[in-house]
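Structure, as structure tokens:
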Amino acid sequence: MAELDDILKEMSREVTGYVASALVGMDGFNIASHTSDRSADPETISAQLTMLLKLVDVSVEKLGVGVIEDNLTTTENAFILMRFLSEKQYYLSIAANRKTGNLGNMRLISRIYAERLAKAIPK
Amino acid sequence: MAHGKIFGPPPKPKVPVPAAKAEPAPEIVPETTFGPEPAVEPGTLPVRESEHAPEPAPIPTPDPERVMDTAPLPVLEEYLESVPVVAQEVAPSVADIPAPISAPPPIPNVEMAPAPSPSPAAEVVPARVEQSPTRLNAVIQQFRMEFGADLISTEVVGMDGISIAGGSDDPAYDSTEAAARFSTVMKLAAKASNRVGMGRVEDNLTTTDKTYIIARFIGDGSYYWGVTVTRFATLGSVRMVMNEYAARVWEAIPR
């Protein structure tokens, strides 16, 4: 798992306004996580976001509007991006500061690192 | 009398059949309706010649032999009795009697007016948007014009999941179902964000391989505005235009 942590740490330097990131299974448990904000609780965040992503996935599937790639939630304080990898068995979540973050940068970096993480996940 | 046996029923006894020695004319023809040679045409039966003519035609002097050979009076009477003639119940005045139907009735001027040419916008916009003249629909309609073919659906939805304005431009996309499903998504997003201390949720963007689905809270959060566009749409532009219209949509919601 050290490799996964290293990838997340490397990613944190690429994302503008980075706050936290995690590689999460669809059961809601973190496989790897990284945060620059000590007050953030990655476990709680991941548990909540997993439910949200599952609901979005079901909604998209029922509506027949394609296959979900990612979901971005914009809140008062943060951007939260979730991207599926490895055939929806896991997802990568990244949180960035709302004021200093950059949406385009987040989406681009998440796409690049999602592939790396998918390859690095032990099978 | 061979004619009467072949072409019509036997004569009724009430109609006086003239004998070989004819009596005077008024007694032979009991009513002026039955002329000696009535021109019976399908469209002219309700109108009797006696009613058209200001003066009845003079009754010819009966020729007993001729009457016996050709007079179809019994057949004609039965025919007139069998045809439901409205005009017989209330006798119209001469001025009210329509002309015999020999040509189609004149087309009213309303139908003669040129048909309005369909506008291109009316073909694109769903009918229910056009039928609702509310201000909110006008704002939504204006928003639609910003994107053209890239827009799949836009809905203003209450947190009960019921859409109050908007609609889908794509018949294959059920915007009502989308409104209901994404209302639960927005509720859960707000709940999750609140629990992890991320603050109030502003919007949620879902990217699929075919579409972008943007759901955005408006006003005090009692409604959200959902927009679905194709992947060909410029996402940044969609978000920007939604930012511009968000306040107008909120103000236009009836309260």
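Every chain in the structure tokens takes a letter, A first, then B, and so on in the order presented; its residues are numbered from 1, and the ligands are numbered from 1 following the presented order.
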Interface residues on chain B facing chain A, 6 Å, only C-alpha atoms, written as an MDAnalysis selection string: chainID B and resid 181 192 196 198:210
Polymer residues at most 8 Å from Tyr91 (chain A), only C-alpha atoms, same-chain spacing of 3 or more positions, as a compact mmCIF listing (two decimals) with N, CA and C atoms, in the first residue's frame:
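Output contents, as saved in part_22.txt:
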```
# COMPACT_ATOMS: atom_id res chain seq x y z
N LEU A 23 -8.17 6.87 -1.78
CA LEU A 23 -8.58 5.79 -2.67
C LEU A 23 -9.52 4.91 -1.86
N VAL A 24 -10.74 4.80 -2.32
CA VAL A 24 -11.80 4.22 -1.49
C VAL A 24 -12.46 3.04 -2.21
N GLY A 25 -12.75 2.00 -1.46
CA GLY A 25 -13.54 0.91 -2.01
C GLY A 25 -15.01 1.24 -1.95
N MET A 26 -15.82 0.50 -2.69
CA MET A 26 -17.25 0.82 -2.72
C MET A 26 -17.97 0.42 -1.44
N MET A 82 -14.99 12.95 -7.33
CA MET A 82 -14.91 11.49 -7.19
C MET A 82 -14.88 10.88 -8.58
N ARG A 83 -13.93 9.99 -8.78
CA ARG A 83 -13.77 9.36 -10.09
C ARG A 83 -13.63 7.85 -9.92
N PHE A 84 -14.45 7.14 -10.67
CA PHE A 84 -14.40 5.67 -10.63
C PHE A 84 -13.12 5.16 -11.27
N LEU A 85 -12.65 4.03 -10.76
CA LEU A 85 -11.55 3.32 -11.43
C LEU A 85 -11.72 1.83 -11.19
N LYS A 88 -15.44 0.33 -11.47
CA LYS A 88 -16.33 0.77 -10.38
C LYS A 88 -16.15 -0.03 -9.09
```
Near-region 15-17 of chain A list (8 Å; only C-alpha atoms; drop same-chain fewer than 3 positions) as a ChimeraX atom specification: /A:11-12,96-102,105-106,109
Restricting the output to N, CA and C atoms, write the selected residues as a PDB file, in the first residue's frame.
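Result file follows (part_13.pdb):
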```pdb
ATOM      1  N   MET A  11       0.354  13.271  -6.050  1.00  0.00           N
ATOM      2  CA  MET A  11      -0.791  13.974  -6.646  1.00  0.00           C
ATOM      3  C   MET A  11      -1.107  15.257  -5.877  1.00  0.00           C
ATOM      4  N   SER A  12      -0.917  15.221  -4.571  1.00  0.00           N
ATOM      5  CA  SER A  12      -1.255  16.390  -3.750  1.00  0.00           C
ATOM      6  C   SER A  12      -0.441  17.621  -4.160  1.00  0.00           C
ATOM      7  N   ALA A  96     -10.534  19.894  -2.763  1.00  0.00           N
ATOM      8  CA  ALA A  96      -9.690  21.089  -2.934  1.00  0.00           C
ATOM      9  C   ALA A  96     -10.413  22.292  -2.364  1.00  0.00           C
ATOM     10  N   ASN A  97      -9.616  23.277  -2.004  1.00  0.00           N
ATOM     11  CA  ASN A  97     -10.198  24.493  -1.438  1.00  0.00           C
ATOM     12  C   ASN A  97     -11.032  25.223  -2.492  1.00  0.00           C
ATOM     13  N   ARG A  98     -12.169  25.709  -2.047  1.00  0.00           N
ATOM     14  CA  ARG A  98     -13.092  26.339  -2.996  1.00  0.00           C
ATOM     15  C   ARG A  98     -12.502  27.624  -3.582  1.00  0.00           C
ATOM     16  N   LYS A  99     -11.754  28.356  -2.763  1.00  0.00           N
ATOM     17  CA  LYS A  99     -11.266  29.650  -3.246  1.00  0.00           C
ATOM     18  C   LYS A  99      -9.983  29.510  -4.065  1.00  0.00           C
ATOM     19  N   THR A 100      -9.135  28.617  -3.629  1.00  0.00           N
ATOM     20  CA  THR A 100      -7.847  28.498  -4.322  1.00  0.00           C
ATOM     21  C   THR A 100      -7.820  27.352  -5.333  1.00  0.00           C
ATOM     22  N   GLY A 101      -8.804  26.517  -5.275  1.00  0.00           N
ATOM     23  CA  GLY A 101      -8.817  25.357  -6.171  1.00  0.00           C
ATOM     24  C   GLY A 101      -9.175  25.736  -7.596  1.00  0.00           C
ATOM     25  N   ASN A 102      -8.860  24.794  -8.491  1.00  0.00           N
ATOM     26  CA  ASN A 102      -9.135  25.003  -9.900  1.00  0.00           C
ATOM     27  C   ASN A 102      -9.820  23.737 -10.445  1.00  0.00           C
ATOM     28  N   ASN A 105      -8.060  21.902 -13.421  1.00  0.00           N
ATOM     29  CA  ASN A 105      -6.853  21.234 -12.919  1.00  0.00           C
ATOM     30  C   ASN A 105      -7.206  19.960 -12.159  1.00  0.00           C
ATOM     31  N   MET A 106      -8.221  20.037 -11.340  1.00  0.00           N
ATOM     32  CA  MET A 106      -8.649  18.867 -10.564  1.00  0.00           C
ATOM     33  C   MET A 106      -9.069  17.726 -11.461  1.00  0.00           C
ATOM     34  N   ILE A 109      -5.928  16.275 -13.408  1.00  0.00           N
ATOM     35  CA  ILE A 109      -5.007  15.507 -12.567  1.00  0.00           C
ATOM     36  C   ILE A 109      -5.645  14.218 -12.070  1.00  0.00           C
TER      37      ILE A 109
END
```
Which of chain A fall in strand (DSSP E), as a count of residues only: 38
Residue nearest Trp225 (chain B) among B:Ile253, B:Leu136, B:Ala246, B:Ala180 (counting only C-alpha atoms): B:Ala246
Residues within 12 Å of Leu8 (chain A), only C-alpha atoms, excluding chain neighbours under 6 positions, as a list in words: Met1, Ala2, Glu14, Val15, Tyr18, Val19, Ala20, Ser21, Ala22, Leu23, Ile31, Ala32, Ser33, His34, Thr35, Ser36, Leu92, Ser93, Ile94, Ile109, Ser110, Ile112, Tyr113, Ala114, Arg116, Leu117 and Ala120 of chain A
Proximity to Gly226 (chain B) - best of B:Ser193, B:Thr211, B:Thr184, B:Ser153, only C-alpha atoms: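 Of all the options, B:Ser153 lies closest to Gly226 (chain B).
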Backbone-only DSSP, helix (DSSP H, G or I) members of chain A, as an MDAnalysis selection string: chainID A and resid 2:12 42:63 103:120
Atom-to-atom span, CA of Tyr224 (chain B) and CA of Arg111 (chain A), Å: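 Straight-line distance from CA of Tyr224 (chain B) to CA of Arg111 (chain A) works out to 28.3 Å.
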